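Here is the file my_file.txt (compact mmCIF, C-alpha atoms).
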```txt
# COMPACT_ATOMS: atom_id res chain seq x y z
CA MET L 1 -29.53 24.41 -31.22
CA ALA L 2 -27.12 23.37 -33.97
CA ARG L 3 -24.52 25.77 -32.63
CA LEU L 4 -24.66 24.07 -29.23
CA ARG L 5 -24.38 20.53 -30.62
CA PRO L 6 -20.54 20.38 -30.47
CA TYR L 7 -20.65 20.96 -26.72
CA ALA L 8 -23.30 18.31 -26.01
CA PRO L 9 -20.90 15.32 -25.67
CA ALA L 10 -18.77 17.12 -23.06
CA VAL L 11 -21.85 18.22 -21.09
CA THR L 12 -23.28 14.68 -21.28
CA ALA L 13 -19.96 13.30 -20.03
CA VAL L 14 -20.10 15.69 -17.05
CA LEU L 15 -23.65 14.63 -16.20
CA LEU L 16 -22.72 10.94 -16.47
CA GLN L 17 -19.63 11.57 -14.34
CA VAL L 18 -21.47 13.40 -11.58
CA PHE L 19 -24.65 11.33 -11.42
CA LEU L 20 -23.62 7.83 -12.49
CA LEU L 21 -19.88 7.18 -12.64
CA SER L 22 -19.26 8.72 -9.20
CA ARG L 23 -21.07 5.66 -7.79
CA LEU L 24 -18.93 3.14 -9.64
CA ARG L 25 -15.51 1.97 -8.54
CA LEU L 26 -13.09 0.09 -10.75
CA TRP L 27 -9.95 -0.94 -8.82
CA GLY L 28 -11.10 1.53 -6.19
CA LEU L 29 -11.28 4.42 -8.64
CA CYS L 30 -14.09 6.26 -10.34
CA PRO L 31 -13.85 6.00 -14.19
CA PRO L 32 -13.06 9.49 -15.59
CA LEU L 33 -15.06 10.07 -18.77
CA VAL L 34 -14.79 13.86 -19.09
CA PRO L 35 -11.13 14.13 -20.25
CA ALA L 36 -11.71 11.88 -23.27
CA ALA L 37 -14.99 13.65 -24.14
CA VAL L 38 -13.30 17.07 -24.07
CA PHE L 39 -10.33 15.76 -26.07
CA LEU L 40 -12.63 14.35 -28.75
CA THR L 41 -14.56 17.63 -29.00
CA GLY L 42 -11.26 19.43 -29.59
CA ALA L 43 -10.05 16.86 -32.12
CA GLU L 44 -13.29 16.83 -34.11
CA GLU L 45 -14.41 20.46 -33.84
CA GLY L 46 -11.12 22.35 -33.62
CA GLY L 47 -9.23 24.14 -30.86
CA ASP L 48 -11.74 26.96 -30.34
CA ARG L 49 -14.68 24.72 -29.69
CA GLY L 50 -12.50 22.24 -27.84
CA ALA L 51 -11.28 24.90 -25.42
CA ALA L 52 -14.81 26.28 -25.01
CA ALA L 53 -16.19 22.79 -24.36
CA GLY L 54 -13.39 22.20 -21.85
CA LEU L 55 -14.17 25.47 -20.10
CA LEU L 56 -17.87 24.59 -20.01
CA ALA L 57 -17.19 21.07 -18.66
CA GLY L 58 -14.75 22.42 -16.06
CA ALA L 59 -17.24 25.09 -14.97
CA LEU L 60 -20.01 22.50 -14.54
CA LEU L 61 -17.70 20.22 -12.56
CA PHE L 62 -16.69 23.16 -10.38
CA LEU L 63 -20.31 24.06 -9.74
CA ALA L 64 -21.01 20.46 -8.80
CA GLY L 65 -18.32 20.67 -6.10
CA GLY L 66 -15.12 19.94 -8.05
CA SER L 67 -11.80 21.77 -8.06
CA PRO L 68 -11.59 25.30 -9.52
CA TRP L 69 -8.56 24.12 -11.51
CA SER L 70 -10.79 21.89 -13.60
CA LEU L 71 -11.76 24.99 -15.64
CA ALA L 72 -8.20 25.66 -16.79
CA LEU L 73 -7.27 21.99 -17.06
CA TYR L 74 -10.10 20.96 -19.36
CA ALA L 75 -9.95 24.15 -21.43
CA ALA L 76 -6.25 23.49 -22.04
CA LEU L 77 -6.97 19.85 -22.91
CA GLY L 78 -9.68 20.76 -25.43
CA GLY L 79 -7.65 23.60 -26.94
CA LEU L 80 -4.47 21.58 -27.27
CA ALA L 81 -6.37 18.63 -28.71
CA GLY L 82 -7.76 20.88 -31.45
CA ALA L 83 -4.40 22.44 -32.17
CA TRP L 84 -2.46 19.17 -32.23
CA VAL L 85 -4.81 16.48 -33.35
CA THR L 86 -7.18 16.11 -36.27
CA ALA L 87 -10.01 13.62 -36.47
CA ALA L 88 -8.55 12.40 -39.78
CA GLY L 89 -6.21 10.16 -37.78
CA GLY L 90 -9.04 7.69 -37.20
CA PHE L 91 -10.23 6.14 -33.96
CA PHE L 92 -6.97 4.40 -33.00
CA GLY L 93 -4.88 7.39 -34.09
CA LEU L 94 -6.94 9.62 -31.80
CA TRP L 95 -6.70 7.11 -28.97
CA ILE L 96 -2.90 7.01 -29.23
CA ARG L 97 -2.67 10.79 -29.37
CA PHE L 98 -4.93 11.06 -26.34
CA LEU L 99 -2.41 9.13 -24.24
CA PRO L 100 0.32 11.83 -23.93
CA LEU L 101 -2.22 14.58 -23.24
CA ALA L 102 -3.92 12.47 -20.57
CA ALA L 103 -0.50 11.66 -19.08
CA ALA L 104 0.38 15.36 -19.02
CA MET L 105 -2.92 16.11 -17.31
CA GLU L 106 -2.25 13.49 -14.63
CA GLY L 107 1.23 14.95 -14.20
CA LEU L 108 -0.32 18.35 -13.54
CA LEU L 109 -2.74 16.81 -11.03
CA VAL L 110 0.17 15.20 -9.21
CA LEU L 111 1.99 18.52 -9.07
CA VAL L 112 -1.12 20.25 -7.71
CA HIS L 113 -1.74 17.63 -5.02
CA TRP L 114 1.87 16.96 -4.10
CA PRO L 115 2.66 19.97 -1.90
CA ALA L 116 -0.79 20.07 -0.34
CA ARG L 117 -1.55 16.53 0.67
CA SER L 118 1.01 13.82 0.35
CA ALA L 119 4.37 12.53 -0.86
CA LEU L 120 5.12 12.57 -4.59
CA ALA L 121 5.28 8.77 -4.74
CA ALA L 122 1.85 8.52 -3.11
CA ALA L 123 0.37 10.95 -5.63
CA TRP L 124 1.86 8.95 -8.54
CA ALA L 125 0.50 5.75 -7.01
CA LEU L 126 -2.96 7.20 -7.52
CA ALA L 127 -2.26 8.97 -10.81
CA GLY L 128 -0.96 5.83 -12.56
CA PRO L 129 -4.15 3.73 -12.23
CA GLU L 130 -6.26 6.82 -12.91
CA LEU L 131 -4.37 7.40 -16.18
CA ALA L 132 -5.00 3.78 -17.17
CA LEU L 133 -8.72 4.17 -16.44
CA THR L 134 -8.88 7.51 -18.30
CA VAL L 135 -7.39 5.90 -21.40
CA LEU L 136 -9.71 2.89 -21.08
CA CYS L 137 -12.71 5.25 -20.97
CA PHE L 138 -11.80 6.65 -24.41
CA PRO L 139 -13.98 4.22 -26.43
CA ALA L 140 -16.99 5.03 -24.25
CA ALA L 141 -16.41 8.76 -24.74
CA ALA L 142 -16.05 8.20 -28.49
CA LEU L 143 -19.66 6.97 -28.57
CA LEU L 144 -21.02 10.24 -27.16
CA PRO L 145 -20.73 12.49 -30.27
CA GLY L 146 -22.75 9.90 -32.22
CA LEU L 147 -25.72 10.50 -29.91
CA PHE L 148 -25.98 14.13 -31.04
CA ARG L 149 -25.21 13.87 -34.78
CA ARG L 150 -28.05 14.93 -37.01
CA ARG L 151 -29.51 11.86 -38.69
CA ARG L 152 -29.79 12.20 -42.47
CA VAL L 153 -33.24 11.23 -43.67
CA ARG L 154 -33.19 9.47 -47.04
CA PRO L 155 -35.69 11.04 -49.49
CA MET L 156 -38.71 8.91 -50.25
CA TYR L 157 -38.58 9.56 -54.02
CA MET Q 158 -13.72 30.27 -44.22
CA LYS Q 159 -11.07 31.86 -42.07
CA GLN Q 160 -10.13 29.87 -38.96
CA ARG Q 161 -10.63 32.05 -35.87
CA ASN Q 162 -8.06 30.18 -33.79
CA THR Q 163 -9.04 31.76 -30.48
CA TRP Q 164 -8.42 28.65 -28.42
CA LYS Q 165 -5.52 30.31 -26.59
CA LYS Q 166 -7.86 33.08 -25.46
CA TRP Q 167 -10.31 30.46 -24.19
CA ILE Q 168 -7.53 28.79 -22.19
CA ALA Q 169 -6.37 32.15 -20.82
CA ALA Q 170 -9.94 32.97 -19.78
CA ALA Q 171 -10.31 29.56 -18.13
CA LEU Q 172 -7.01 29.96 -16.29
CA SER Q 173 -8.07 33.39 -15.03
CA LEU Q 174 -11.37 32.01 -13.77
CA SER Q 175 -9.56 29.09 -12.09
CA LEU Q 176 -7.17 31.46 -10.36
CA LEU Q 177 -10.03 33.69 -9.23
CA ALA Q 178 -12.04 30.75 -7.87
CA ALA Q 179 -8.98 29.25 -6.15
CA ALA Q 180 -8.09 32.63 -4.60
CA LEU Q 181 -11.65 33.05 -3.30
CA ALA Q 182 -11.51 29.57 -1.79
CA LEU Q 183 -8.31 30.51 0.06
CA VAL Q 184 -9.97 33.41 1.87
CA PRO Q 185 -11.08 31.98 5.22
CA GLY Q 186 -14.80 31.95 5.84
CA THR Q 187 -15.71 32.69 2.25
CA PRO Q 188 -18.30 30.23 1.03
CA ARG Q 189 -18.36 29.23 -2.62
CA PRO Q 190 -21.69 30.80 -3.67
CA PRO Q 191 -22.00 29.03 -7.04
CA ALA Q 192 -21.41 25.65 -5.43
CA GLY Q 193 -23.94 26.46 -2.73
CA TRP Q 194 -26.55 27.57 -5.26
CA LEU Q 195 -26.06 24.45 -7.34
CA GLU Q 196 -26.28 22.28 -4.23
CA GLY Q 197 -29.61 23.84 -3.41
CA ALA Q 198 -30.99 23.70 -6.93
CA SER Q 199 -29.83 20.20 -7.78
CA ARG Q 200 -30.57 18.48 -4.45
CA PRO Q 201 -33.96 17.01 -5.50
CA PHE Q 202 -32.39 15.51 -8.66
CA PHE Q 203 -29.37 14.18 -6.74
CA ARG Q 204 -31.72 12.69 -4.17
CA LEU Q 205 -33.85 11.01 -6.82
CA ILE Q 206 -30.89 9.64 -8.73
CA SER Q 207 -29.21 8.61 -5.50
CA LEU Q 208 -32.28 6.60 -4.48
CA GLY Q 209 -32.60 4.99 -7.90
CA SER Q 210 -28.95 4.05 -8.27
CA ASP Q 211 -28.79 2.74 -4.70
CA LYS Q 212 -31.75 0.45 -5.38
CA VAL Q 213 -30.15 -0.84 -8.60
CA ARG Q 214 -26.85 -1.42 -6.83
CA GLN Q 215 -28.61 -3.18 -3.94
CA GLY Q 216 -30.36 -5.43 -6.48
CA PHE Q 217 -27.08 -6.39 -8.12
CA ASP Q 218 -25.47 -6.94 -4.72
CA LEU Q 219 -28.37 -9.18 -3.72
CA LEU Q 220 -28.06 -11.30 -6.85
CA ALA Q 221 -24.30 -11.52 -6.66
CA GLY Q 222 -23.99 -11.98 -2.95
CA THR Q 223 -26.49 -14.75 -2.11
CA GLN Q 224 -23.77 -17.40 -1.88
CA ASP Q 225 -21.54 -15.08 0.14
CA LEU Q 226 -24.45 -14.30 2.45
CA ARG Q 227 -25.01 -18.01 3.19
CA ALA Q 228 -21.34 -18.46 4.11
CA GLU Q 229 -21.40 -15.24 6.16
CA ASN Q 230 -24.56 -16.38 7.93
CA GLN Q 231 -22.94 -19.67 8.91
CA ALA Q 232 -19.82 -17.87 10.15
CA LEU Q 233 -21.97 -15.44 12.15
CA LYS Q 234 -23.89 -18.31 13.77
CA GLU Q 235 -20.60 -19.87 14.86
CA GLU Q 236 -19.37 -16.50 16.14
CA LEU Q 237 -22.63 -15.98 18.00
CA ALA Q 238 -22.25 -19.30 19.77
CA VAL Q 239 -18.85 -18.16 21.02
CA LEU Q 240 -19.98 -14.65 21.92
CA ARG Q 241 -23.13 -15.55 23.92
CA PRO Q 242 -21.23 -16.85 26.96
CA LEU Q 243 -18.94 -13.80 26.75
CA ALA Q 244 -21.97 -11.47 26.66
CA ARG Q 245 -23.36 -13.12 29.78
CA GLU Q 246 -20.00 -12.58 31.50
CA GLY Q 247 -20.08 -8.96 30.33
CA GLU Q 248 -23.56 -8.43 31.78
CA LEU Q 249 -22.42 -9.80 35.10
CA ALA Q 250 -19.32 -7.59 35.03
CA ALA Q 251 -21.40 -4.52 34.10
CA GLY Q 252 -23.76 -5.18 37.00
CA GLU Q 253 -20.85 -5.58 39.36
CA ASN Q 254 -19.30 -2.38 37.97
CA ARG Q 255 -22.55 -0.44 38.59
CA ARG Q 256 -22.75 -1.73 42.18
CA LEU Q 257 -19.10 -0.88 42.89
CA ARG Q 258 -19.51 2.60 41.37
CA SER Q 259 -22.52 3.27 43.55
CA LEU Q 260 -20.54 2.11 46.56
CA LEU Q 261 -17.69 4.52 45.70
CA ASP Q 262 -20.02 7.40 44.64
CA LEU Q 263 -18.48 7.57 41.11
CA PRO Q 264 -20.53 8.93 38.17
CA GLY Q 265 -21.78 6.44 35.57
CA ALA Q 266 -19.44 5.50 32.72
CA GLY Q 267 -20.33 5.56 29.03
CA ARG Q 268 -21.45 8.19 26.56
CA ASP Q 269 -24.68 9.69 25.41
CA LEU Q 270 -24.92 10.83 21.78
CA ASP Q 271 -27.40 13.21 20.13
CA LEU Q 272 -27.86 11.92 16.60
CA THR Q 273 -29.40 13.62 13.59
CA PRO Q 274 -30.25 11.26 10.72
CA ALA Q 275 -29.37 12.39 7.20
CA TRP Q 276 -29.30 10.96 3.68
CA ILE Q 277 -26.44 11.08 1.24
CA THR Q 278 -27.41 12.98 -1.90
CA ALA Q 279 -24.12 13.18 -3.79
CA ARG Q 280 -20.62 11.71 -3.82
CA SER Q 281 -17.29 13.12 -4.96
CA PHE Q 282 -16.72 12.31 -8.63
CA ASP Q 283 -12.94 12.63 -8.82
CA ASN Q 284 -10.34 10.18 -7.62
CA TRP Q 285 -8.36 12.58 -5.44
CA THR Q 286 -10.97 13.12 -2.75
CA ARG Q 287 -13.57 11.06 -0.91
CA THR Q 288 -16.48 13.24 0.16
CA VAL Q 289 -20.25 12.90 0.29
CA THR Q 290 -23.00 15.52 0.52
CA LEU Q 291 -25.80 15.25 3.07
CA ASP Q 292 -29.35 16.58 2.79
CA LYS Q 293 -29.14 18.37 6.17
CA GLY Q 294 -27.27 21.54 7.12
CA THR Q 295 -27.05 24.34 9.67
CA ALA Q 296 -30.86 24.58 9.78
CA GLN Q 297 -30.93 21.12 11.36
CA GLY Q 298 -28.17 21.89 13.86
CA LEU Q 299 -25.20 20.56 11.92
CA ALA Q 300 -21.81 22.23 12.30
CA ALA Q 301 -18.31 21.85 10.89
CA GLY Q 302 -16.20 19.23 12.65
CA GLN Q 303 -19.09 17.02 13.74
CA CYS Q 304 -18.68 13.26 13.30
CA VAL Q 305 -20.83 11.24 10.93
CA MET Q 306 -21.56 7.57 11.65
CA ASP Q 307 -23.09 4.79 9.60
CA GLN Q 308 -26.07 2.71 10.74
CA ALA Q 309 -23.80 0.37 12.70
CA GLY Q 310 -22.24 3.24 14.66
CA ALA Q 311 -18.90 3.20 12.83
CA LEU Q 312 -17.23 6.51 11.98
CA ALA Q 313 -17.72 7.47 8.33
CA GLY Q 314 -16.21 10.96 8.36
CA ARG Q 315 -16.46 14.52 9.60
CA ILE Q 316 -18.35 17.56 8.32
CA THR Q 317 -16.02 20.05 6.67
CA ASP Q 318 -18.27 22.39 4.72
CA LEU Q 319 -21.97 23.16 5.02
CA GLY Q 320 -24.82 25.44 4.07
CA GLY Q 321 -28.38 25.94 5.23
CA SER Q 322 -29.64 22.53 4.17
CA TRP Q 323 -26.61 20.64 2.91
CA ALA Q 324 -23.30 19.50 4.37
CA THR Q 325 -20.13 18.07 2.87
CA VAL Q 326 -18.61 15.17 4.79
CA THR Q 327 -14.93 14.36 4.37
CA LEU Q 328 -14.80 10.58 4.64
CA VAL Q 329 -12.17 8.86 6.77
CA THR Q 330 -10.22 7.75 3.69
CA ASP Q 331 -9.89 11.27 2.23
CA PRO Q 332 -6.33 12.67 2.39
CA ALA Q 333 -7.72 15.79 4.11
CA PHE Q 334 -9.36 13.79 6.94
CA ASN Q 335 -7.81 14.08 10.38
CA ALA Q 336 -8.84 13.11 13.90
CA ALA Q 337 -7.27 11.67 17.01
CA GLY Q 338 -7.60 7.94 17.57
CA GLN Q 339 -6.45 5.19 19.83
CA THR Q 340 -6.26 1.43 19.72
CA ALA Q 341 -9.09 -0.12 21.69
CA ARG Q 342 -7.12 -2.96 23.32
CA SER Q 343 -3.70 -1.46 23.99
CA GLY Q 344 -4.91 2.16 24.28
CA ILE Q 345 -2.09 3.58 22.14
CA PRO Q 346 -2.99 7.07 20.86
CA GLY Q 347 -2.22 8.28 17.36
CA ALA Q 348 -3.34 10.57 14.56
CA LEU Q 349 -5.98 9.26 12.16
CA ALA Q 350 -5.57 10.49 8.58
CA GLY Q 351 -6.25 9.56 5.00
CA ASP Q 352 -3.45 9.17 2.48
CA LEU Q 353 -3.30 9.44 -1.30
CA SER Q 354 -1.44 6.12 -1.52
CA LEU Q 355 -4.23 4.37 0.43
CA LEU Q 356 -7.15 6.12 -1.27
CA ALA Q 357 -7.75 3.61 -4.06
CA ALA Q 358 -7.66 0.71 -1.59
CA GLY Q 359 -10.17 2.51 0.65
CA GLU Q 360 -7.89 2.52 3.70
CA LEU Q 361 -6.66 5.09 6.21
CA LYS Q 362 -3.75 5.28 8.64
CA LEU Q 363 -3.07 5.73 12.33
CA THR Q 364 0.27 7.54 12.52
CA CYS Q 365 2.76 8.61 15.20
CA LEU Q 366 3.28 5.08 16.52
CA THR Q 367 6.65 4.01 17.86
CA ARG Q 368 8.26 0.61 17.37
CA ALA Q 369 7.66 -0.13 21.04
CA ASP Q 370 3.89 0.37 20.81
CA PRO Q 371 2.17 -3.03 21.14
CA VAL Q 372 -0.31 -2.50 18.29
CA VAL Q 373 -1.25 -5.76 16.60
CA ARG Q 374 -2.99 -6.76 13.37
CA GLY Q 375 -6.76 -7.07 13.76
CA GLU Q 376 -6.94 -4.63 16.66
CA THR Q 377 -9.86 -2.19 16.65
CA VAL Q 378 -9.14 1.54 16.50
CA VAL Q 379 -11.57 4.08 17.97
CA THR Q 380 -11.74 7.87 18.12
CA PHE Q 381 -10.12 9.74 20.98
CA GLY Q 382 -12.04 12.95 21.66
CA GLY Q 383 -10.13 14.55 24.49
CA GLY Q 384 -12.21 17.75 24.33
CA ARG Q 385 -11.71 18.21 20.58
CA GLY Q 386 -15.40 18.49 19.80
CA TYR Q 387 -16.11 14.88 18.92
CA PRO Q 388 -16.79 11.85 21.13
CA SER Q 389 -14.34 9.15 22.11
CA GLY Q 390 -14.92 5.50 21.39
CA LEU Q 391 -16.48 5.64 17.90
CA THR Q 392 -15.24 2.63 15.95
CA VAL Q 393 -13.00 3.72 13.08
CA GLY Q 394 -11.61 0.45 11.75
CA THR Q 395 -9.29 -2.47 12.32
CA VAL Q 396 -5.52 -2.65 11.90
CA ASP Q 397 -4.71 -4.39 8.63
CA ARG Q 398 -0.92 -4.03 8.69
CA LEU Q 399 1.90 -2.03 10.25
CA GLU Q 400 4.37 -0.08 8.12
CA ASP Q 401 7.44 2.04 8.79
CA GLU Q 402 7.00 5.74 8.03
CA PRO Q 403 9.39 7.20 5.42
CA ASP Q 404 11.30 9.02 8.20
CA GLY Q 405 12.28 5.60 9.66
CA LEU Q 406 11.57 6.77 13.19
CA THR Q 407 7.88 6.08 13.55
CA ARG Q 408 5.39 3.50 12.31
CA ARG Q 409 1.90 3.73 10.97
CA ALA Q 410 -0.96 1.27 11.19
CA VAL Q 411 -2.99 0.91 8.01
CA LEU Q 412 -6.66 0.53 8.88
CA THR Q 413 -9.61 -0.97 7.07
CA PRO Q 414 -12.59 1.31 7.85
CA ALA Q 415 -15.39 -0.29 9.84
CA ALA Q 416 -18.00 1.67 7.87
CA ASP Q 417 -18.91 0.53 4.35
CA LEU Q 418 -18.09 3.87 2.75
CA GLU Q 419 -19.15 2.90 -0.78
CA GLY Q 420 -22.52 1.60 0.38
CA LEU Q 421 -23.49 4.51 2.61
CA GLY Q 422 -27.11 5.61 2.32
CA GLN Q 423 -28.52 6.92 5.57
CA VAL Q 424 -26.02 8.24 8.10
CA PHE Q 425 -26.18 9.80 11.56
CA VAL Q 426 -24.50 13.06 12.51
CA VAL Q 427 -23.30 13.37 16.12
CA THR Q 428 -24.70 16.83 16.89
CA GLY Q 429 -24.06 16.55 20.63
CA PHE Q 430 -22.56 14.18 23.16
CA ARG Q 431 -21.98 13.80 26.86
CA GLU Q 432 -19.11 11.71 28.14
CA ALA Q 433 -18.65 10.61 31.71
CA GLY Q 434 -16.53 8.27 33.74
```
Target format structure tokens, applied to this file:
Amino acid sequence: MARLRPYAPAVTAVLLQVFLLSRLRLWGLCPPLVPAAVFLTGAEEGGDRGAAAGLLAGALLFLAGGSPWSLALYAALGGLAGAWVTAAGGFFGLWIRFLPLAAAMEGLLVLVHWPARSALAAAWALAGPELALTVLCFPAAALLPGLFRRRRVRPMY
Amino acid sequence: MKQRNTWKKWIAAALSLSLLAAALALVPGTPRPPAGWLEGASRPFFRLISLGSDKVRQGFDLLAGTQDLRAENQALKEELAVLRPLAREGELAAGENRRLRSLLDLPGAGRDLDLTPAWITARSFDNWTRTVTLDKGTAQGLAAGQCVMDQAGALAGRITDLGGSWATVTLVTDPAFNAAGQTARSGIPGALAGDLSLLAAGELKLTCLTRADPVVRGETVVTFGGGRGYPSGLTVGTVDRLEDEPDGLTRRAVLTPAADLEGLGQVFVVTGFREAG
């Protein structure tokens, strides 16, 4: 079980996203929790586990009816987070470093949706608020790893 | 301990799987088996959570909306007072219409819908689409392209993907939604579609309008079947504003959907219809 613990926050984020957050709307948008959870796994556990957690989260989202591109997108996010960021930067350092990766991810989403559905400006009009919400969800995602940390029991003697 | 540093391999594997899944989705008529299996396996949980979260949301709405409900009730009473005389006039006109039709040997006007009730078990969780999943599928007579209405008879969306006992409905605000529509008062036809720029606001558009078309703000827009496999006259929404299209030649009407898409619980699928007149 200990080997699976690093992936628990990302899986929890997926479950919260699919079952709970999909029913909430902030400024007309659903708060995206998974990107920050995958990023934090990469930053705290390293690129390998970050990419694996991203792949796992993307696969679960795909199975729940999401886009097949979520596999590659989240694996890249987790892997890059582990390669570029270390948890030593502290909470605010991580939050700031999350911003460019989240922006890059939104940029990719715009590029994917642009030729298929709508004008570039229309896609950015959606991506901008979604980026803001993704970044605002970071503190909530930062609470998730704490749920699965092993509690140290103080000896009685 | 030596760092394995295999994250690039993980990303490459993920990209390969994404490409494979996307390629499979492009092949026409190929269902997504994993998605179908998960739909089947997870439906009871989705249904349970859906019921629970709907009740919680309804509770919050009730607490927050009591004051609004009083004001709405007063406004509805005033509206009712105005509408009653009009309804009486309508009844008289309908009776006269029936008598005249019988005199001229014309068939009766109106439409007859076969409705299959269904419950929403899941909603799309990303911000680029607006879809819901129903707990009924081909086993209950559902088919792709059929219209889905809310309890008030307003169009909520159309079925785009389905399995034996589940169906995915593309809501009217989804960028992939398309249907033919027309304005109820002026009868101007157009193409109903969602748009990424209107998605967050929960709106859709009626396109292909010219500057000469007398479409006005507040006008109701309904579906226009014309033998396309869905009935005419389903309420879609009301015109909120008129905008020029980027090409500068045509206009579009931005519509507020008549159906409360965020509060959908039970819906009705139009599995058959007969139109006359």
**Request:** Find the residues in chain L near chain Q: any atom within 6 Å counts, using all atoms listed in the file. Write them as a PyMOL selection string.
**Result:** chain L and resi 18+22+28-29+47-48+51+55+63+65+68-69+71-72+75-76+79+122-123+125
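Atom CA of Asp417 of chain Q is found 18.2 Å from atom CA of Asn230 of chain Q.
Note that the spacing between atom CA of Val396 of chain Q and atom CA of Gly382 of chain Q amounts to 19.5 Å.
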**Request:** Would you please work out which residue, of L:Ala10, L:Leu16, L:Cys137, L:Ala59, is nearest to Leu40 of chain L when using all atoms listed in the file?
**Result:**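 Looking at the shortest contact to Leu40 of chain L, the residue is L:Ala10.
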**Message:** At a cut-off of 12 Å, using only C-alpha atoms, what residues contact Val305 of chain Q? Leave out same-chain residues fewer than 5 positions from it and give the result as a PyMOL selection string.
**Reply:** chain Q and resi 270-277+288-291+293+299-300+310-317+324-329+387-388+391-393+416+418+421+423-429
Please write the residues from the selection above to a file, keeping C-alpha atoms, as a tab-separated table (two decimals), keeping the file's coordinate frame.
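See selection-v6.tsv below for the written result:
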```
chain	number	residue	atom	x	y	z
Q	270	LEU	CA	-24.92	10.83	21.78
Q	271	ASP	CA	-27.40	13.21	20.13
Q	272	LEU	CA	-27.86	11.92	16.60
Q	273	THR	CA	-29.40	13.62	13.59
Q	274	PRO	CA	-30.25	11.26	10.72
Q	275	ALA	CA	-29.37	12.39	7.20
Q	276	TRP	CA	-29.30	10.96	3.68
Q	277	ILE	CA	-26.44	11.08	1.24
Q	288	THR	CA	-16.48	13.24	0.16
Q	289	VAL	CA	-20.25	12.90	0.29
Q	290	THR	CA	-23.00	15.52	0.52
Q	291	LEU	CA	-25.80	15.25	3.07
Q	293	LYS	CA	-29.14	18.37	6.17
Q	299	LEU	CA	-25.20	20.56	11.92
Q	300	ALA	CA	-21.81	22.23	12.30
Q	310	GLY	CA	-22.24	3.24	14.66
Q	311	ALA	CA	-18.90	3.20	12.83
Q	312	LEU	CA	-17.23	6.51	11.98
Q	313	ALA	CA	-17.72	7.47	8.33
Q	314	GLY	CA	-16.21	10.96	8.36
Q	315	ARG	CA	-16.46	14.52	9.60
Q	316	ILE	CA	-18.35	17.56	8.32
Q	317	THR	CA	-16.02	20.05	6.67
Q	324	ALA	CA	-23.30	19.50	4.37
Q	325	THR	CA	-20.13	18.07	2.87
Q	326	VAL	CA	-18.61	15.17	4.79
Q	327	THR	CA	-14.93	14.36	4.37
Q	328	LEU	CA	-14.80	10.58	4.64
Q	329	VAL	CA	-12.17	8.86	6.77
Q	387	TYR	CA	-16.11	14.88	18.92
Q	388	PRO	CA	-16.79	11.85	21.13
Q	391	LEU	CA	-16.48	5.64	17.90
Q	392	THR	CA	-15.24	2.63	15.95
Q	393	VAL	CA	-13.00	3.72	13.08
Q	416	ALA	CA	-18.00	1.67	7.87
Q	418	LEU	CA	-18.09	3.87	2.75
Q	421	LEU	CA	-23.49	4.51	2.61
Q	423	GLN	CA	-28.52	6.92	5.57
Q	424	VAL	CA	-26.02	8.24	8.10
Q	425	PHE	CA	-26.18	9.80	11.56
Q	426	VAL	CA	-24.50	13.06	12.51
Q	427	VAL	CA	-23.30	13.37	16.12
Q	428	THR	CA	-24.70	16.83	16.89
Q	429	GLY	CA	-24.06	16.55	20.63
```
Missing atoms in segment 234-243 of chain Q should be modelled up to N, CA and C atoms and reported as an mmCIF file, keeping the file's coordinate frame.
```
data_model
loop_
_atom_site.group_PDB
_atom_site.id
_atom_site.type_symbol
_atom_site.label_atom_id
_atom_site.label_comp_id
_atom_site.auth_asym_id
_atom_site.auth_seq_id
_atom_site.Cartn_x
_atom_site.Cartn_y
_atom_site.Cartn_z
ATOM 1 N N LYS Q 234 -23.272 -17.397 12.802
ATOM 2 C CA LYS Q 234 -23.890 -18.310 13.770
ATOM 3 C C LYS Q 234 -22.820 -18.899 14.690
ATOM 4 N N GLU Q 235 -21.686 -19.293 14.061
ATOM 5 C CA GLU Q 235 -20.600 -19.870 14.860
ATOM 6 C C GLU Q 235 -20.035 -18.822 15.829
ATOM 7 N N GLU Q 236 -19.908 -17.583 15.301
ATOM 8 C CA GLU Q 236 -19.370 -16.500 16.140
ATOM 9 C C GLU Q 236 -20.319 -16.194 17.298
ATOM 10 N N LEU Q 237 -21.621 -16.250 16.985
ATOM 11 C CA LEU Q 237 -22.630 -15.980 18.000
ATOM 12 C C LEU Q 237 -22.567 -16.994 19.135
ATOM 13 N N ALA Q 238 -22.335 -18.244 18.752
ATOM 14 C CA ALA Q 238 -22.250 -19.300 19.770
ATOM 15 C C ALA Q 238 -21.094 -19.039 20.734
ATOM 16 N N VAL Q 239 -20.007 -18.482 20.172
ATOM 17 C CA VAL Q 239 -18.850 -18.160 21.020
ATOM 18 C C VAL Q 239 -19.127 -16.921 21.867
ATOM 19 N N LEU Q 240 -19.817 -15.953 21.252
ATOM 20 C CA LEU Q 240 -19.980 -14.650 21.920
ATOM 21 C C LEU Q 240 -21.049 -14.650 23.014
ATOM 22 N N ARG Q 241 -22.049 -15.552 22.921
ATOM 23 C CA ARG Q 241 -23.130 -15.550 23.920
ATOM 24 C C ARG Q 241 -22.613 -15.712 25.349
ATOM 25 N N PRO Q 242 -21.756 -16.724 25.596
ATOM 26 C CA PRO Q 242 -21.230 -16.850 26.960
ATOM 27 C C PRO Q 242 -20.462 -15.603 27.401
ATOM 28 N N LEU Q 243 -19.711 -15.014 26.419
ATOM 29 C CA LEU Q 243 -18.940 -13.800 26.750
ATOM 30 C C LEU Q 243 -19.873 -12.642 27.098
#
```
